[in-house]
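Let me begin by presenting the structure, written as structure tokens, before commenting on it.
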Amino acid sequence: MAIILGIETSCDETAAAICIDGKVINNEMATQNIHQWYGGVVPELASRAHQKNIVPVVDYVLKDAGITPRDLDAIAYTRGPGLLGALLIGAGFAKAMASALKVPIIPVNHLKAHVLALFIEHPKPTFPFLCLTVSGGHTQIVKVLNPIDMVILGQTKDDAAGEAFDKAAKLLQLTYPGGPIIDQLAKRGNPHAFTFGETNMPNLDYSFSGIKTSILYFLKKEAKDNPNFIKENLHDLAASIQHTLTGMLMEKLEKAALQEKIRKIAIAGGVSANSGLRNLLHKKASQHGWEPFIPPLPYCTDNAAMVAIAGHFQYEAKHFGKLSDSPMPRMPF
Ligand code: KG4
Ligand code: ZN
């Protein structure tokens, strides 16, 4: 039986979780609201907040699980990708604690951890399956061969899907992060009210930067005739933007499923919390006979439970790190 502490500090959540023998016991995080004031994550403020939060958050999960640091068998932490200053706090803390306790450290890839969030609760997919990982910094279709080996089949060439949601929200004068607000507003809007120019990339790749420009020009044109256009059409705009973005995401996922002849289809990452995308996956699943997998909401956006479960799989495979490993803001997959 292995007891693993997982630590996540890649962006603006300071999070820790305990996993015992592949079962996540708890998952605690300190959210940094300060970034809302700036309309995006300010790296320096994020790393200062991580420094302040990491000890109380780790202390809490240990006490909550009824264990002491001496009970830990390994410490898993997010090595990358992410903000360098933010990663440094988690990595430094994990290494110091592991070295004091004389236990192995496990460097985790944040994007693989998003995929492995599918193994925290039932139903869990069997291998191989396809996963569309959609976050604030990445968008990729991944063929998951086992908990360690994953192959990227397609990815965005510019903005990530979450970034597209956030940038569109900014154009609608909503606060950061705008993705969840668009989701809420879209529930009372008409998804077919407006259409925006989509960029279609070859193969299984994505491009989301054009859609932002298309929304910008559309809003500018409408504002000329009616300065209150956004306010008066907010729900329809949100629903139409969400419909366009989720449609673009799904189109390539369908193509990948056909190409790979795989019917176990998952989504993961912050944007997998989007109700439009979740519903669309269920709809496509019944249409194509897919078995759909979606992490429970708390495990879609950044969390430490996914780092702890990734740590569990890497512990079993004996994929340990070294104290000399430095954080990797652009960690290769
Ligand atoms: O995975 P995540 O928490 O952090 C990164 O690794 O980037 O993803 C954050 C992204 C943000 O862009 C946020 O707006 C988006 O996920 N997001 C959503 C929803 N919840 C979070 N986008 C659309 N609808 C949501 N409900
Ligand atoms: Zn993430």
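As shown in the structure tokens, the chain order sets the letters A, B, ...; within each chain, residues go from 1, and ligands are also counted from 1 in the order they appear.
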
Legend entry - ligand 1 neighbours within 10 Å using only C-alpha atoms and all ligand atoms, as a ChimeraX atom specification: /A:10-13,40,81-82,110-111,114,133-139,160-167,169,176-184,186,242,245-246,268-278,297-303

Inset, instruction - Can you list, as a PyMOL selection string, all residues belonging to region 32-246 of chain A that DSSP tags as strand (DSSP E or B)? - result: chain A and resi 74-80+105-109+129-134+139-144+150-156+206

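CA of Leu323 (chain A) is found 11.3 Å from CA of Lys102 (chain A).
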
Legend entry - Shell of 8 Å around Asn109 (chain A), only C-alpha atoms, local chain residues under 5 positions omitted, as a PyMOL selection string: chain A and resi 78-81+331+333

Inset, instruction - Could you jot down the CA of Gly90 (chain A) to CA of Pro295 (chain A) separation for me, Å, one decimal place? - result: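 Calculated distance between CA of Gly90 (chain A) and CA of Pro295 (chain A) is 24.0 Å.
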
Legend entry - Contacts of Ala91 (chain A) within 8 Å, only C-alpha atoms, excl. fewer than 2 positions in-chain, as a list in words: Tyr77, Thr78, Arg79, Leu87, Leu88, Ile89, Phe93, Ala94, Lys95, Ser326 and Pro327 of chain A

Inset, instruction - Using only C-alpha atoms, determine which residues lie at most 12 Å from Phe218 (chain A), disregarding the query and same-chain residues fewer than 4 positions distant; provide the list as number ranges by chain. - result: A: 168, 171-172, 194-197, 211-214, 222-225, 229-230, 237, 241

Residues just named, written with N, CA and C atoms as a CSV table (one decimal), in the first residue's frame:
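Output contents, as saved in selection_24.csv:
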chain,number,residue,atom,x,y,z
A,168,ALA,N,-13.0,35.5,-25.6
A,168,ALA,CA,-14.4,35.9,-26.1
A,168,ALA,C,-15.1,36.6,-24.9
A,171,LEU,N,-14.2,40.1,-24.5
A,171,LEU,CA,-14.9,41.0,-25.6
A,171,LEU,C,-16.3,41.3,-25.2
A,172,LEU,N,-16.9,40.3,-24.4
A,172,LEU,CA,-18.3,40.6,-23.9
A,172,LEU,C,-18.3,41.3,-22.6
A,194,PHE,N,-26.2,33.7,-33.6
A,194,PHE,CA,-25.1,34.3,-34.4
A,194,PHE,C,-24.2,33.2,-34.8
A,195,THR,N,-23.5,33.5,-36.0
A,195,THR,CA,-22.4,32.6,-36.4
A,195,THR,C,-21.1,33.3,-36.6
A,196,PHE,N,-20.0,32.7,-36.3
A,196,PHE,CA,-18.7,33.3,-36.4
A,196,PHE,C,-17.8,32.4,-37.3
A,197,GLY,N,-16.9,33.1,-38.0
A,197,GLY,CA,-16.0,32.4,-38.9
A,197,GLY,C,-15.1,31.5,-38.2
A,211,ILE,N,-11.2,32.8,-34.4
A,211,ILE,CA,-12.5,33.0,-33.9
A,211,ILE,C,-12.7,34.2,-33.1
A,212,LYS,N,-11.6,34.5,-32.3
A,212,LYS,CA,-11.6,35.7,-31.5
A,212,LYS,C,-11.7,37.0,-32.3
A,213,THR,N,-10.9,37.0,-33.4
A,213,THR,CA,-10.9,38.1,-34.3
A,213,THR,C,-12.3,38.3,-35.0
A,214,SER,N,-12.9,37.1,-35.3
A,214,SER,CA,-14.2,37.1,-36.0
A,214,SER,C,-15.2,37.7,-35.0
A,222,GLU,N,-21.7,45.6,-35.0
A,222,GLU,CA,-23.0,45.7,-34.4
A,222,GLU,C,-23.1,46.9,-33.5
A,223,ALA,N,-22.0,47.2,-32.8
A,223,ALA,CA,-22.0,48.3,-31.9
A,223,ALA,C,-22.2,49.7,-32.6
A,224,LYS,N,-21.8,49.7,-33.9
A,224,LYS,CA,-22.0,50.9,-34.6
A,224,LYS,C,-23.5,51.3,-34.7
A,225,ASP,N,-24.3,50.3,-34.9
A,225,ASP,CA,-25.8,50.6,-35.0
A,225,ASP,C,-26.4,50.6,-33.6
A,229,PHE,N,-25.6,46.7,-27.9
A,229,PHE,CA,-25.7,45.4,-28.5
A,229,PHE,C,-25.3,44.2,-27.6
A,230,ILE,N,-24.2,44.4,-27.0
A,230,ILE,CA,-23.7,43.3,-26.1
A,230,ILE,C,-24.6,43.0,-25.0
A,237,LEU,N,-25.3,35.7,-27.4
A,237,LEU,CA,-23.9,35.8,-27.8
A,237,LEU,C,-23.1,34.7,-27.1
A,241,ILE,N,-21.3,31.6,-29.0
A,241,ILE,CA,-19.9,31.4,-28.9
A,241,ILE,C,-19.6,30.0,-28.4

Inset, instruction - Enumerate as a PyMOL selection string all residues of region 104-333 of chain A assigned to helix (DSSP H, G or I) by DSSP on the backbone, naming them with the chain letters and numbers the document uses. - result: chain A and resi 110-119+161-171+179-186+209-225+229-232+234-260+270-273+275-288+297-299+305-316

Inset, instruction - Would you kindly return, as a ChimeraX atom specification, each protein, DNA or RNA residue with an atom no farther than 8 Å from any atom of region 57-74 of chain A, considering only C-alpha atoms and excluding same-chain residues fewer than 4 positions away? - result: /A:2-5,14-18,25-30,53,98,101,103-106,315

Taking N, CA and C atoms for each residue, export the selection above as a CSV table (one decimal), in the first residue's frame.
chain,number,residue,atom,x,y,z
A,2,ALA,N,0.6,2.1,-1.0
A,2,ALA,CA,1.5,3.4,-1.0
A,2,ALA,C,0.6,4.6,-0.7
A,3,ILE,N,1.2,5.5,0.1
A,3,ILE,CA,0.5,6.7,0.4
A,3,ILE,C,1.3,7.8,-0.3
A,4,ILE,N,0.5,8.5,-1.1
A,4,ILE,CA,1.2,9.6,-1.9
A,4,ILE,C,0.6,10.9,-1.7
A,5,LEU,N,1.4,11.9,-1.5
A,5,LEU,CA,1.0,13.3,-1.5
A,5,LEU,C,1.2,13.9,-2.9
A,14,THR,N,-3.3,26.7,-5.5
A,14,THR,CA,-2.3,26.0,-4.7
A,14,THR,C,-3.0,24.8,-4.1
A,15,ALA,N,-2.7,23.6,-4.6
A,15,ALA,CA,-3.5,22.4,-4.2
A,15,ALA,C,-2.7,21.3,-3.7
A,16,ALA,N,-3.3,20.5,-2.8
A,16,ALA,CA,-2.6,19.3,-2.3
A,16,ALA,C,-3.7,18.2,-2.2
A,17,ALA,N,-3.3,16.9,-2.3
A,17,ALA,CA,-4.2,15.8,-2.2
A,17,ALA,C,-3.5,14.6,-1.7
A,18,ILE,N,-4.2,13.7,-1.0
A,18,ILE,CA,-3.6,12.4,-0.6
A,18,ILE,C,-4.3,11.3,-1.3
A,25,ILE,N,-8.1,10.4,-1.2
A,25,ILE,CA,-8.8,10.6,0.0
A,25,ILE,C,-9.3,12.0,0.2
A,26,ASN,N,-8.6,12.9,-0.3
A,26,ASN,CA,-9.0,14.3,-0.2
A,26,ASN,C,-8.4,15.2,-1.2
A,27,ASN,N,-8.8,16.4,-1.3
A,27,ASN,CA,-8.3,17.3,-2.4
A,27,ASN,C,-8.6,18.7,-1.9
A,28,GLU,N,-7.6,19.5,-1.6
A,28,GLU,CA,-7.8,20.8,-1.0
A,28,GLU,C,-7.1,21.8,-1.8
A,29,MET,N,-7.7,23.0,-1.9
A,29,MET,CA,-6.9,24.0,-2.7
A,29,MET,C,-7.2,25.4,-2.2
A,30,ALA,N,-6.3,26.3,-2.4
A,30,ALA,CA,-6.4,27.7,-2.1
A,30,ALA,C,-6.5,28.4,-3.4
A,53,ASN,N,0.5,29.9,0.6
A,53,ASN,CA,-0.6,28.9,0.8
A,53,ASN,C,-0.1,27.5,1.0
A,98,ALA,N,10.5,15.8,0.5
A,98,ALA,CA,10.9,14.4,0.1
A,98,ALA,C,12.3,14.1,0.6
A,101,LEU,N,12.2,13.6,4.4
A,101,LEU,CA,11.5,12.3,4.8
A,101,LEU,C,12.2,11.1,4.2
A,103,VAL,N,12.0,10.1,1.1
A,103,VAL,CA,11.1,9.3,0.2
A,103,VAL,C,11.3,9.8,-1.2
A,104,PRO,N,10.9,9.0,-2.3
A,104,PRO,CA,11.1,9.4,-3.6
A,104,PRO,C,10.2,10.6,-4.0
A,105,ILE,N,10.6,11.4,-5.0
A,105,ILE,CA,9.8,12.4,-5.6
A,105,ILE,C,9.3,12.0,-6.9
A,106,ILE,N,8.1,12.4,-7.3
A,106,ILE,CA,7.6,12.0,-8.6
A,106,ILE,C,7.2,13.2,-9.4
A,315,TYR,N,4.3,5.8,-9.4
A,315,TYR,CA,5.0,5.1,-8.3
A,315,TYR,C,5.0,3.6,-8.6
